[in-house]
$ cat run.csv   # CSV, C-alpha atoms
chain,number,residue,atom,x,y,z
A,1,MET,CA,-22.5,-11.6,-18.6
A,2,LYS,CA,-22.2,-12.0,-14.8
A,3,ILE,CA,-20.8,-9.0,-12.9
A,4,GLY,CA,-19.3,-9.6,-9.5
A,5,ILE,CA,-18.6,-6.8,-7.0
A,6,LEU,CA,-16.3,-7.1,-4.0
A,7,PHE,CA,-16.9,-4.6,-1.2
A,8,LEU,CA,-14.1,-3.9,1.2
A,9,HIS,CA,-14.7,-1.8,4.3
A,10,GLY,CA,-12.4,0.3,6.4
A,11,TYR,CA,-10.3,-0.1,9.5
A,12,THR,CA,-12.4,-0.7,12.7
A,13,GLY,CA,-15.5,-0.7,10.5
A,14,GLY,CA,-17.7,-3.3,8.8
A,15,ARG,CA,-19.8,-4.0,5.8
A,16,TYR,CA,-22.3,-1.5,7.3
A,17,GLU,CA,-20.0,1.3,6.0
A,18,LEU,CA,-20.9,0.3,2.5
A,19,LEU,CA,-24.3,-1.1,3.1
A,20,PRO,CA,-26.3,1.7,1.5
A,21,LEU,CA,-24.3,1.3,-1.7
A,22,ILE,CA,-24.7,-2.5,-1.6
A,23,GLU,CA,-28.5,-2.2,-1.1
A,24,TYR,CA,-28.8,0.4,-3.9
A,25,LEU,CA,-27.0,-1.8,-6.4
A,26,SER,CA,-28.6,-5.0,-5.4
A,27,SER,CA,-32.1,-3.4,-5.7
A,28,ARG,CA,-31.4,-2.4,-9.3
A,29,TYR,CA,-29.2,-5.2,-10.7
A,30,GLU,CA,-28.6,-8.9,-10.4
A,31,PHE,CA,-24.9,-8.5,-9.5
A,32,ILE,CA,-23.0,-11.2,-7.6
A,33,LEU,CA,-21.9,-9.5,-4.4
A,34,GLU,CA,-19.3,-10.3,-1.7
A,35,ALA,CA,-18.9,-8.1,1.3
A,36,PRO,CA,-16.6,-9.8,3.8
A,37,GLU,CA,-15.7,-8.5,7.2
A,38,TYR,CA,-12.1,-8.8,8.3
A,39,PRO,CA,-11.3,-10.7,11.5
A,40,GLY,CA,-12.1,-8.7,14.5
A,41,HIS,CA,-14.2,-6.2,12.6
A,42,GLY,CA,-17.9,-5.6,12.3
A,43,LEU,CA,-20.6,-4.4,14.8
A,44,ASN,CA,-18.8,-6.4,17.6
A,45,LEU,CA,-15.3,-4.9,17.3
A,46,LEU,CA,-12.6,-7.2,18.7
A,47,ILE,CA,-9.5,-6.3,16.7
A,48,LYS,CA,-6.9,-6.6,19.4
A,49,ASP,CA,-5.6,-10.0,18.3
A,50,THR,CA,-5.9,-9.6,14.6
A,51,ASN,CA,-3.5,-8.2,12.0
A,52,GLU,CA,-3.0,-7.0,8.5
A,53,ASP,CA,-2.3,-10.4,7.0
A,54,MET,CA,-5.6,-11.8,8.4
A,55,TRP,CA,-7.5,-8.8,7.0
A,56,TYR,CA,-5.9,-9.1,3.5
A,57,GLU,CA,-6.4,-12.9,3.4
A,58,ARG,CA,-10.1,-12.5,4.2
A,59,ALA,CA,-10.4,-10.1,1.3
A,60,GLN,CA,-8.4,-12.2,-1.1
A,61,LYS,CA,-10.5,-15.3,-0.3
A,62,SER,CA,-13.7,-13.4,-1.1
A,63,TYR,CA,-12.2,-12.2,-4.3
A,64,GLU,CA,-11.3,-15.7,-5.4
A,65,ILE,CA,-14.9,-16.9,-4.6
A,66,LEU,CA,-16.3,-14.0,-6.7
A,67,ARG,CA,-13.9,-14.6,-9.6
A,68,GLU,CA,-15.1,-18.2,-9.9
A,69,LYS,CA,-18.7,-17.1,-10.2
A,70,SER,CA,-18.3,-14.0,-12.4
A,71,ASP,CA,-17.3,-13.0,-15.8
A,72,VAL,CA,-16.4,-9.4,-14.7
A,73,VAL,CA,-15.1,-8.5,-11.3
A,74,ILE,CA,-15.1,-5.1,-9.8
A,75,VAL,CA,-13.5,-4.3,-6.5
A,76,ILE,CA,-14.8,-1.4,-4.3
A,77,GLY,CA,-12.6,-0.4,-1.4
A,78,PHE,CA,-13.4,2.2,1.2
A,79,SER,CA,-10.7,3.8,3.4
A,80,MET,CA,-8.4,1.0,4.5
A,81,GLY,CA,-10.4,-1.2,2.2
A,82,GLY,CA,-9.1,1.0,-0.6
A,83,VAL,CA,-5.5,0.0,0.4
A,84,ILE,CA,-6.4,-3.7,0.4
A,85,ALA,CA,-8.2,-3.2,-2.9
A,86,GLY,CA,-5.1,-1.8,-4.4
A,87,LEU,CA,-3.0,-4.7,-3.2
A,88,LEU,CA,-5.5,-7.1,-4.7
A,89,ALA,CA,-5.6,-5.2,-8.0
A,90,LYS,CA,-1.8,-5.7,-8.4
A,91,ILE,CA,-2.0,-9.5,-7.9
A,92,GLU,CA,-5.5,-10.5,-9.0
A,93,GLN,CA,-6.1,-8.0,-11.9
A,94,PRO,CA,-9.8,-7.1,-11.4
A,95,ASP,CA,-11.6,-5.6,-14.4
A,96,LYS,CA,-12.3,-2.4,-12.6
A,97,LEU,CA,-11.4,-0.7,-9.3
A,98,ILE,CA,-13.3,1.8,-7.2
A,99,LEU,CA,-11.5,3.5,-4.3
A,100,ILE,CA,-13.7,5.5,-1.9
A,101,ALA,CA,-11.7,7.9,0.4
A,102,PRO,CA,-8.7,5.5,0.2
A,103,ALA,CA,-6.3,5.7,3.1
A,104,TYR,CA,-3.0,5.2,1.3
A,105,GLU,CA,-1.2,7.7,3.5
A,106,ASN,CA,-1.0,8.6,7.2
A,107,ILE,CA,-4.3,9.5,8.9
A,108,ASN,CA,-4.3,10.9,12.4
A,109,ILE,CA,-6.6,8.5,14.3
A,110,GLN,CA,-4.9,9.3,17.6
A,111,HIS,CA,-5.9,12.9,17.3
A,112,LEU,CA,-9.4,11.8,16.3
A,113,VAL,CA,-9.7,9.7,19.5
A,114,LYS,CA,-8.5,12.6,21.7
A,115,SER,CA,-10.7,15.1,19.9
A,116,PRO,CA,-14.2,13.6,19.5
A,117,TYR,CA,-15.6,17.1,18.6
A,118,ARG,CA,-13.6,17.0,15.4
A,119,PHE,CA,-15.3,13.7,14.5
A,120,ILE,CA,-18.7,15.1,15.1
A,121,ASN,CA,-17.9,18.1,13.0
A,122,ASN,CA,-16.6,15.9,10.2
A,123,MET,CA,-19.9,13.8,10.4
A,124,ARG,CA,-22.3,16.8,10.4
A,125,HIS,CA,-23.6,15.7,7.0
A,126,ALA,CA,-24.1,12.1,8.1
A,127,ASP,CA,-27.1,10.2,9.4
A,128,LEU,CA,-27.3,11.1,13.1
A,129,LYS,CA,-28.4,7.6,14.0
A,130,ILE,CA,-24.9,6.3,13.5
A,131,LEU,CA,-23.0,9.0,15.4
A,132,GLU,CA,-23.1,7.4,18.8
A,133,PHE,CA,-22.1,4.0,17.6
A,134,MET,CA,-19.2,5.3,15.6
A,135,LEU,CA,-17.9,7.5,18.4
A,136,LEU,CA,-17.9,4.4,20.6
A,137,ARG,CA,-16.0,2.6,17.9
A,138,THR,CA,-13.1,5.0,18.0
A,139,ILE,CA,-12.3,4.3,21.7
A,140,LYS,CA,-11.8,0.6,20.9
A,141,ILE,CA,-8.8,1.4,18.7
A,142,ASN,CA,-5.7,-0.2,20.3
A,143,TYR,CA,-2.0,0.3,19.6
A,144,LYS,CA,-1.4,-3.2,18.3
A,145,SER,CA,-4.1,-3.1,15.7
A,146,PHE,CA,-3.2,0.5,14.7
A,147,LEU,CA,0.4,-0.7,14.0
A,148,ALA,CA,-1.1,-3.5,11.8
A,149,PHE,CA,-3.0,-0.8,9.9
A,150,LYS,CA,0.3,1.1,9.5
A,151,LYS,CA,2.1,-2.0,8.2
A,152,LEU,CA,-0.7,-2.5,5.7
A,153,GLN,CA,-0.2,1.1,4.5
A,154,GLN,CA,3.6,0.6,4.2
A,155,SER,CA,3.1,-2.6,2.1
A,156,ALA,CA,1.0,-0.6,-0.3
A,157,LEU,CA,3.4,2.4,-0.5
A,158,TYR,CA,4.4,1.9,-4.2
A,159,ILE,CA,1.3,-0.1,-5.3
A,160,PRO,CA,-0.6,2.7,-7.0
A,161,GLU,CA,2.0,2.9,-9.8
A,162,GLN,CA,1.5,-0.8,-10.4
A,163,ILE,CA,-2.3,-0.8,-10.8
A,164,ASP,CA,-3.4,-1.4,-14.4
A,165,ALA,CA,-7.2,-1.6,-13.8
A,166,MET,CA,-9.5,1.1,-14.9
A,167,THR,CA,-9.9,3.1,-11.6
A,168,LEU,CA,-12.4,5.5,-10.1
A,169,ILE,CA,-11.5,7.4,-7.0
A,170,ILE,CA,-14.3,9.1,-5.0
A,171,HIS,CA,-13.5,11.5,-2.2
A,172,GLY,CA,-15.6,13.9,-0.1
A,173,THR,CA,-14.4,17.5,0.2
A,174,ILE,CA,-14.9,17.7,4.0
A,175,ASP,CA,-13.3,14.4,4.8
A,176,GLY,CA,-11.5,15.1,8.1
A,177,LEU,CA,-9.9,11.7,8.5
A,178,VAL,CA,-8.3,11.2,5.1
A,179,PRO,CA,-8.0,14.7,3.5
A,180,ILE,CA,-9.1,15.0,-0.1
A,181,ASP,CA,-5.6,16.2,-1.0
A,182,LYS,CA,-4.4,12.6,-0.6
A,183,SER,CA,-6.7,11.4,-3.4
A,184,ARG,CA,-5.7,14.4,-5.6
A,185,ASP,CA,-2.2,13.1,-5.3
A,186,LEU,CA,-3.2,9.5,-5.7
A,187,VAL,CA,-5.0,10.0,-9.0
A,188,SER,CA,-1.8,11.1,-10.7
A,189,ARG,CA,0.0,7.9,-9.6
A,190,ILE,CA,-2.5,5.4,-11.1
A,191,LYS,CA,-2.3,5.3,-14.8
A,192,ASN,CA,-6.0,4.7,-15.7
A,193,ALA,CA,-7.6,6.7,-12.9
A,194,ARG,CA,-9.9,9.6,-12.5
A,195,LEU,CA,-11.1,11.4,-9.4
A,196,VAL,CA,-14.6,12.5,-8.5
A,197,GLU,CA,-14.9,15.0,-5.6
A,198,ILE,CA,-18.1,15.0,-3.7
A,199,ASP,CA,-19.1,18.3,-2.3
A,200,ARG,CA,-19.8,18.2,1.5
A,201,GLY,CA,-18.9,14.6,1.6
A,202,PRO,CA,-17.4,13.4,5.0
A,203,HIS,CA,-15.2,10.3,5.4
A,204,GLU,CA,-18.1,7.9,6.0
A,205,ILE,CA,-19.6,9.1,2.8
A,206,CYS,CA,-21.7,6.1,2.0
A,207,LEU,CA,-23.6,6.7,5.3
A,208,SER,CA,-23.9,10.4,4.7
A,209,LYS,CA,-26.6,12.7,3.3
A,210,VAL,CA,-24.8,13.0,0.0
A,211,ASN,CA,-24.4,9.2,-0.6
A,212,TYR,CA,-26.7,9.4,-3.6
A,213,LYS,CA,-23.9,11.2,-5.4
A,214,VAL,CA,-21.6,8.2,-4.7
A,215,PHE,CA,-24.2,5.8,-5.9
A,216,TYR,CA,-24.6,7.7,-9.2
A,217,GLU,CA,-20.8,7.8,-9.9
A,218,VAL,CA,-20.3,4.1,-9.0
A,219,GLU,CA,-23.3,3.0,-11.1
A,220,LYS,CA,-22.1,5.1,-14.1
A,221,PHE,CA,-18.5,3.7,-13.8
A,222,ILE,CA,-19.6,0.1,-13.6
A,223,PHE,CA,-21.2,0.3,-17.1
A,224,LYS,CA,-18.6,2.7,-18.6
A,225,ASN,CA,-16.6,1.2,-21.5
A,226,LYS,CA,-12.9,1.7,-21.7

$ encode --input "run.csv" --output "structure tokens"
Amino acid sequence: MKIGILFLHGYTGGRYELLPLIEYLSSRYEFILEAPEYPGHGLNLLIKDTNEDMWYERAQKSYEILREKSDVVIVIGFSMGGVIAGLLAKIEQPDKLILIAPAYENINIQHLVKSPYRFINNMRHADLKILEFMLLRTIKINYKSFLAFKKLQQSALYIPEQIDAMTLIIHGTIDGLVPIDKSRDLVSRIKNARLVEIDRGPHEICLSKVNYKVFYEVEKFIFKNK
């Protein structure tokens, strides 16, 4: 049986946000993996002239490619990728869904940009090598792309109740960008969902010092029977 996994990163991010998880799984199993980057995203961030439709279409195309090659498809979405993953789950019906710090509700990015010390405090359990790069990333957020992100959130407002896939939600307890209370509410809205809270986990949890806990939960869920 061929298992395919689609990895969907967050707003202003790239596949690097999920790379440690991708590398962990690929080193242990022969999964078929797709990890697209949305237009304008990645290490060279140029999101000004992109929008939510372009981001979703890139994810959907990758899902379709994966479905053709795989017997079982699992979608893993981080932050905004969790919102896109939910939209895909409603239409495409993946076999399983994993949402990591999903950003289904408002997040205060403007405050984050104005208060970089809050970002540093939130990332105190992360790999220090990525801090400088990620701080520079926040100043590239522009109003047009932020509105596109908000539109994406609005389009997914009632999606959780329509998700049928077996779902795992993972959220860090010190996430300062998408508070864990958001996932505590979300888990009650998805019929086949459960929430795992990761102690001392920041928002970019797959890049953090507690990412091994995420790897364990994801790996266990992949092979869990209904």

$ closest_atom_pairs --input "run.csv" --of "stretch 151-182 of chain A" --to "stretch 207-221 of chain A" --cutoff "12 Å" --atoms "all atoms listed in the file" --output "Markdown table"
| residue | atom | partner | partner_atom | distance |
| --- | --- | --- | --- | --- |
| A:Met166 | CA | A:Phe221 | CA | 9.4 |
| A:Thr167 | CA | A:Phe221 | CA | 8.9 |
| A:Leu168 | CA | A:Phe221 | CA | 7.4 |
| A:Ile169 | CA | A:Val218 | CA | 9.6 |
| A:Ile170 | CA | A:Val214 | CA | 7.4 |
| A:His171 | CA | A:Val214 | CA | 9.1 |
| A:Gly172 | CA | A:Val210 | CA | 9.2 |
| A:Thr173 | CA | A:Val210 | CA | 11.3 |
| A:Ile174 | CA | A:Ser208 | CA | 11.6 |
| A:Asp175 | CA | A:Ser208 | CA | 11.3 |

$ closest_residue --input "run.csv" --among "A:Gly86, A:Ile3, A:Asp53, A:Ala165" --to "A:Arg194" --atoms "all atoms listed in the file"
A:Ala165

$ residues_near_point --input "run.csv" --point "(-13.0, -7.7, 14.2)" --cutoff "12 Å" --atoms "all atoms listed in the file" --output "count of residues only"
31

$ residues_near_point --input "run.csv" --point "(-3.6, -12.0, -5.1)" --cutoff "12 Å" --atoms "all atoms listed in the file" --output "list of chain:residue names"
A:Tyr56, A:Glu57, A:Arg58, A:Ala59, A:Gln60, A:Lys61, A:Ser62, A:Tyr63, A:Glu64, A:Arg67, A:Ile84, A:Ala85, A:Gly86, A:Leu87, A:Leu88, A:Ala89, A:Lys90, A:Ile91, A:Glu92, A:Gln93, A:Pro94

$ atom_distance --input "run.csv" --atom1 "atom CA of A:Ala103" --atom2 "atom CA of A:Ser70"
27.8 Å

$ atom_distance --input "run.csv" --atom1 "atom CA of A:Asp164" --atom2 "atom CA of A:Tyr24"
27.5 Å

$ atom_distance --input "run.csv" --atom1 "atom CA of A:Leu152" --atom2 "atom CA of A:Gly81"
10.4 Å

$ closest_residue --input "run.csv" --among "A:Ile74, A:Ile198, A:Leu21, A:Leu157" --to "A:Leu186" --atoms "only C-alpha atoms"
A:Leu157

$ closest_residue --input "run.csv" --among "A:Tyr158, A:Phe149, A:Tyr104, A:Phe223" --to "A:Lys182" --atoms "all atoms listed in the file"
A:Tyr104

$ residues_around --input "run.csv" --residues "A:Lys69" --least-positions-apart "6" --cutoff "10 Å" --atoms "only C-alpha atoms" --output "list of chain:residue names"
A:Lys2, A:Ile3, A:Gly4, A:Ile32

$ closest_residue --input "run.csv" --among "A:Ser155, A:Gln162, A:Ser26, A:Asn225" --to "A:Lys96" --atoms "all atoms listed in the file"
A:Asn225

$ decode --input "run.csv" --residues "stretch 20-35 of chain A" --atoms "all heavy atoms" --output "PDB file, in the first residue's frame"
ATOM      1  N   PRO A  20      11.905  19.535   9.039  1.00  0.00           N
ATOM      2  CA  PRO A  20      12.355  18.511   9.983  1.00  0.00           C
ATOM      3  C   PRO A  20      11.398  17.309  10.049  1.00  0.00           C
ATOM      4  O   PRO A  20      11.843  16.163  10.146  1.00  0.00           O
ATOM      5  CB  PRO A  20      12.398  19.262  11.318  1.00  0.00           C
ATOM      6  CG  PRO A  20      12.643  20.677  10.925  1.00  0.00           C
ATOM      7  CD  PRO A  20      11.838  20.866   9.678  1.00  0.00           C
ATOM      8  N   LEU A  21      10.108  17.574   9.967  1.00  0.00           N
ATOM      9  CA  LEU A  21       9.122  16.484   9.954  1.00  0.00           C
ATOM     10  C   LEU A  21       9.213  15.686   8.659  1.00  0.00           C
ATOM     11  O   LEU A  21       9.160  14.447   8.671  1.00  0.00           O
ATOM     12  CB  LEU A  21       7.716  17.066  10.125  1.00  0.00           C
ATOM     13  CG  LEU A  21       6.553  16.068  10.039  1.00  0.00           C
ATOM     14  CD1 LEU A  21       6.682  14.963  11.075  1.00  0.00           C
ATOM     15  CD2 LEU A  21       5.218  16.812  10.192  1.00  0.00           C
ATOM     16  N   ILE A  22       9.376  16.385   7.542  1.00  0.00           N
ATOM     17  CA  ILE A  22       9.520  15.719   6.241  1.00  0.00           C
ATOM     18  C   ILE A  22      10.749  14.810   6.255  1.00  0.00           C
ATOM     19  O   ILE A  22      10.691  13.654   5.825  1.00  0.00           O
ATOM     20  CB  ILE A  22       9.639  16.771   5.112  1.00  0.00           C
ATOM     21  CG1 ILE A  22       8.323  17.550   4.969  1.00  0.00           C
ATOM     22  CG2 ILE A  22      10.004  16.098   3.783  1.00  0.00           C
ATOM     23  CD1 ILE A  22       8.423  18.756   4.053  1.00  0.00           C
ATOM     24  N   GLU A  23      11.851  15.326   6.748  1.00  0.00           N
ATOM     25  CA  GLU A  23      13.096  14.551   6.775  1.00  0.00           C
ATOM     26  C   GLU A  23      12.981  13.355   7.718  1.00  0.00           C
ATOM     27  O   GLU A  23      13.502  12.267   7.431  1.00  0.00           O
ATOM     28  CB  GLU A  23      14.257  15.449   7.175  1.00  0.00           C
ATOM     29  CG  GLU A  23      14.594  16.486   6.109  1.00  0.00           C
ATOM     30  CD  GLU A  23      15.718  17.405   6.531  1.00  0.00           C
ATOM     31  OE1 GLU A  23      15.969  17.533   7.754  1.00  0.00           O
ATOM     32  OE2 GLU A  23      16.340  18.027   5.648  1.00  0.00           O
ATOM     33  N   TYR A  24      12.312  13.545   8.831  1.00  0.00           N
ATOM     34  CA  TYR A  24      12.133  12.444   9.789  1.00  0.00           C
ATOM     35  C   TYR A  24      11.344  11.304   9.156  1.00  0.00           C
ATOM     36  O   TYR A  24      11.751  10.138   9.216  1.00  0.00           O
ATOM     37  CB  TYR A  24      11.416  12.954  11.037  1.00  0.00           C
ATOM     38  CG  TYR A  24      11.052  11.853  12.013  1.00  0.00           C
ATOM     39  CD1 TYR A  24      11.994  11.347  12.897  1.00  0.00           C
ATOM     40  CD2 TYR A  24       9.774  11.310  12.025  1.00  0.00           C
ATOM     41  CE1 TYR A  24      11.676  10.321  13.782  1.00  0.00           C
ATOM     42  CE2 TYR A  24       9.434  10.289  12.901  1.00  0.00           C
ATOM     43  CZ  TYR A  24      10.389   9.796  13.785  1.00  0.00           C
ATOM     44  OH  TYR A  24      10.067   8.777  14.644  1.00  0.00           O
ATOM     45  N   LEU A  25      10.217  11.619   8.536  1.00  0.00           N
ATOM     46  CA  LEU A  25       9.378  10.586   7.941  1.00  0.00           C
ATOM     47  C   LEU A  25      10.044   9.925   6.741  1.00  0.00           C
ATOM     48  O   LEU A  25       9.969   8.707   6.561  1.00  0.00           O
ATOM     49  CB  LEU A  25       8.023  11.182   7.541  1.00  0.00           C
ATOM     50  CG  LEU A  25       7.121  11.639   8.691  1.00  0.00           C
ATOM     51  CD1 LEU A  25       5.873  12.333   8.147  1.00  0.00           C
ATOM     52  CD2 LEU A  25       6.719  10.463   9.585  1.00  0.00           C
ATOM     53  N   SER A  26      10.708  10.731   5.914  1.00  0.00           N
ATOM     54  CA  SER A  26      11.339  10.166   4.714  1.00  0.00           C
ATOM     55  C   SER A  26      12.534   9.289   5.058  1.00  0.00           C
ATOM     56  O   SER A  26      12.897   8.396   4.282  1.00  0.00           O
ATOM     57  CB  SER A  26      11.759  11.288   3.756  1.00  0.00           C
ATOM     58  OG  SER A  26      12.723  12.130   4.354  1.00  0.00           O
ATOM     59  N   SER A  27      13.137   9.514   6.215  1.00  0.00           N
ATOM     60  CA  SER A  27      14.283   8.694   6.623  1.00  0.00           C
ATOM     61  C   SER A  27      13.846   7.334   7.164  1.00  0.00           C
ATOM     62  O   SER A  27      14.658   6.402   7.240  1.00  0.00           O
ATOM     63  CB  SER A  27      15.104   9.428   7.692  1.00  0.00           C
ATOM     64  OG  SER A  27      14.400   9.506   8.918  1.00  0.00           O
ATOM     65  N   ARG A  28      12.577   7.223   7.526  1.00  0.00           N
ATOM     66  CA  ARG A  28      12.087   5.993   8.154  1.00  0.00           C
ATOM     67  C   ARG A  28      11.146   5.178   7.263  1.00  0.00           C
ATOM     68  O   ARG A  28      10.986   3.973   7.466  1.00  0.00           O
ATOM     69  CB  ARG A  28      11.365   6.337   9.461  1.00  0.00           C
ATOM     70  CG  ARG A  28      12.281   6.944  10.504  1.00  0.00           C
ATOM     71  CD  ARG A  28      11.510   7.491  11.686  1.00  0.00           C
ATOM     72  NE  ARG A  28      10.856   6.448  12.466  1.00  0.00           N
ATOM     73  CZ  ARG A  28      11.432   5.759  13.453  1.00  0.00           C
ATOM     74  NH1 ARG A  28      12.695   5.989  13.772  1.00  0.00           N
ATOM     75  NH2 ARG A  28      10.757   4.851  14.123  1.00  0.00           N
ATOM     76  N   TYR A  29      10.503   5.850   6.309  1.00  0.00           N
ATOM     77  CA  TYR A  29       9.487   5.175   5.502  1.00  0.00           C
ATOM     78  C   TYR A  29       9.611   5.589   4.035  1.00  0.00           C
ATOM     79  O   TYR A  29      10.125   6.657   3.722  1.00  0.00           O
ATOM     80  CB  TYR A  29       8.076   5.522   6.004  1.00  0.00           C
ATOM     81  CG  TYR A  29       7.891   5.258   7.474  1.00  0.00           C
ATOM     82  CD1 TYR A  29       7.945   6.313   8.400  1.00  0.00           C
ATOM     83  CD2 TYR A  29       7.667   3.975   7.956  1.00  0.00           C
ATOM     84  CE1 TYR A  29       7.783   6.084   9.761  1.00  0.00           C
ATOM     85  CE2 TYR A  29       7.497   3.734   9.313  1.00  0.00           C
ATOM     86  CZ  TYR A  29       7.561   4.786  10.207  1.00  0.00           C
ATOM     87  OH  TYR A  29       7.402   4.553  11.546  1.00  0.00           O
ATOM     88  N   GLU A  30       9.066   4.753   3.177  1.00  0.00           N
ATOM     89  CA  GLU A  30       9.059   5.057   1.749  1.00  0.00           C
ATOM     90  C   GLU A  30       7.717   5.671   1.352  1.00  0.00           C
ATOM     91  O   GLU A  30       7.009   5.167   0.487  1.00  0.00           O
ATOM     92  CB  GLU A  30       9.349   3.790   0.940  1.00  0.00           C
ATOM     93  CG  GLU A  30      10.761   3.264   1.151  1.00  0.00           C
ATOM     94  CD  GLU A  30      11.075   2.068   0.269  1.00  0.00           C
ATOM     95  OE1 GLU A  30      10.171   1.630  -0.488  1.00  0.00           O
ATOM     96  OE2 GLU A  30      12.208   1.571   0.338  1.00  0.00           O
ATOM     97  N   PHE A  31       7.397   6.768   1.996  1.00  0.00           N
ATOM     98  CA  PHE A  31       6.177   7.492   1.658  1.00  0.00           C
ATOM     99  C   PHE A  31       6.386   8.282   0.363  1.00  0.00           C
ATOM    100  O   PHE A  31       7.511   8.625   0.003  1.00  0.00           O
ATOM    101  CB  PHE A  31       5.798   8.473   2.768  1.00  0.00           C
ATOM    102  CG  PHE A  31       5.416   7.833   4.077  1.00  0.00           C
ATOM    103  CD1 PHE A  31       5.705   8.463   5.277  1.00  0.00           C
ATOM    104  CD2 PHE A  31       4.749   6.613   4.111  1.00  0.00           C
ATOM    105  CE1 PHE A  31       5.346   7.887   6.487  1.00  0.00           C
ATOM    106  CE2 PHE A  31       4.385   6.027   5.312  1.00  0.00           C
ATOM    107  CZ  PHE A  31       4.691   6.667   6.504  1.00  0.00           C
ATOM    108  N   ILE A  32       5.286   8.582  -0.316  1.00  0.00           N
ATOM    109  CA  ILE A  32       5.322   9.495  -1.462  1.00  0.00           C
ATOM    110  C   ILE A  32       4.990  10.877  -0.913  1.00  0.00           C
ATOM    111  O   ILE A  32       3.920  11.080  -0.335  1.00  0.00           O
ATOM    112  CB  ILE A  32       4.300   9.073  -2.537  1.00  0.00           C
ATOM    113  CG1 ILE A  32       4.575   7.637  -2.999  1.00  0.00           C
ATOM    114  CG2 ILE A  32       4.348  10.035  -3.724  1.00  0.00           C
ATOM    115  CD1 ILE A  32       3.482   7.055  -3.862  1.00  0.00           C
ATOM    116  N   LEU A  33       5.899  11.808  -1.064  1.00  0.00           N
ATOM    117  CA  LEU A  33       5.749  13.109  -0.419  1.00  0.00           C
ATOM    118  C   LEU A  33       5.610  14.239  -1.436  1.00  0.00           C
ATOM    119  O   LEU A  33       6.275  14.249  -2.467  1.00  0.00           O
ATOM    120  CB  LEU A  33       6.947  13.391   0.485  1.00  0.00           C
ATOM    121  CG  LEU A  33       7.309  12.308   1.518  1.00  0.00           C
ATOM    122  CD1 LEU A  33       8.529  12.733   2.309  1.00  0.00           C
ATOM    123  CD2 LEU A  33       6.133  12.030   2.439  1.00  0.00           C
ATOM    124  N   GLU A  34       4.741  15.177  -1.108  1.00  0.00           N
ATOM    125  CA  GLU A  34       4.600  16.423  -1.871  1.00  0.00           C
ATOM    126  C   GLU A  34       4.648  17.575  -0.872  1.00  0.00           C
ATOM    127  O   GLU A  34       3.900  17.570   0.115  1.00  0.00           O
ATOM    128  CB  GLU A  34       3.274  16.455  -2.634  1.00  0.00           C
ATOM    129  CG  GLU A  34       3.233  15.585  -3.872  1.00  0.00           C
ATOM    130  CD  GLU A  34       3.989  16.187  -5.049  1.00  0.00           C
ATOM    131  OE1 GLU A  34       4.093  17.420  -5.113  1.00  0.00           O
ATOM    132  OE2 GLU A  34       4.476  15.413  -5.885  1.00  0.00           O
ATOM    133  N   ALA A  35       5.514  18.538  -1.132  1.00  0.00           N
ATOM    134  CA  ALA A  35       5.627  19.694  -0.241  1.00  0.00           C
ATOM    135  C   ALA A  35       5.733  20.962  -1.080  1.00  0.00           C
ATOM    136  O   ALA A  35       6.812  21.555  -1.226  1.00  0.00           O
ATOM    137  CB  ALA A  35       6.832  19.543   0.674  1.00  0.00           C
TER     138      ALA A  35
END
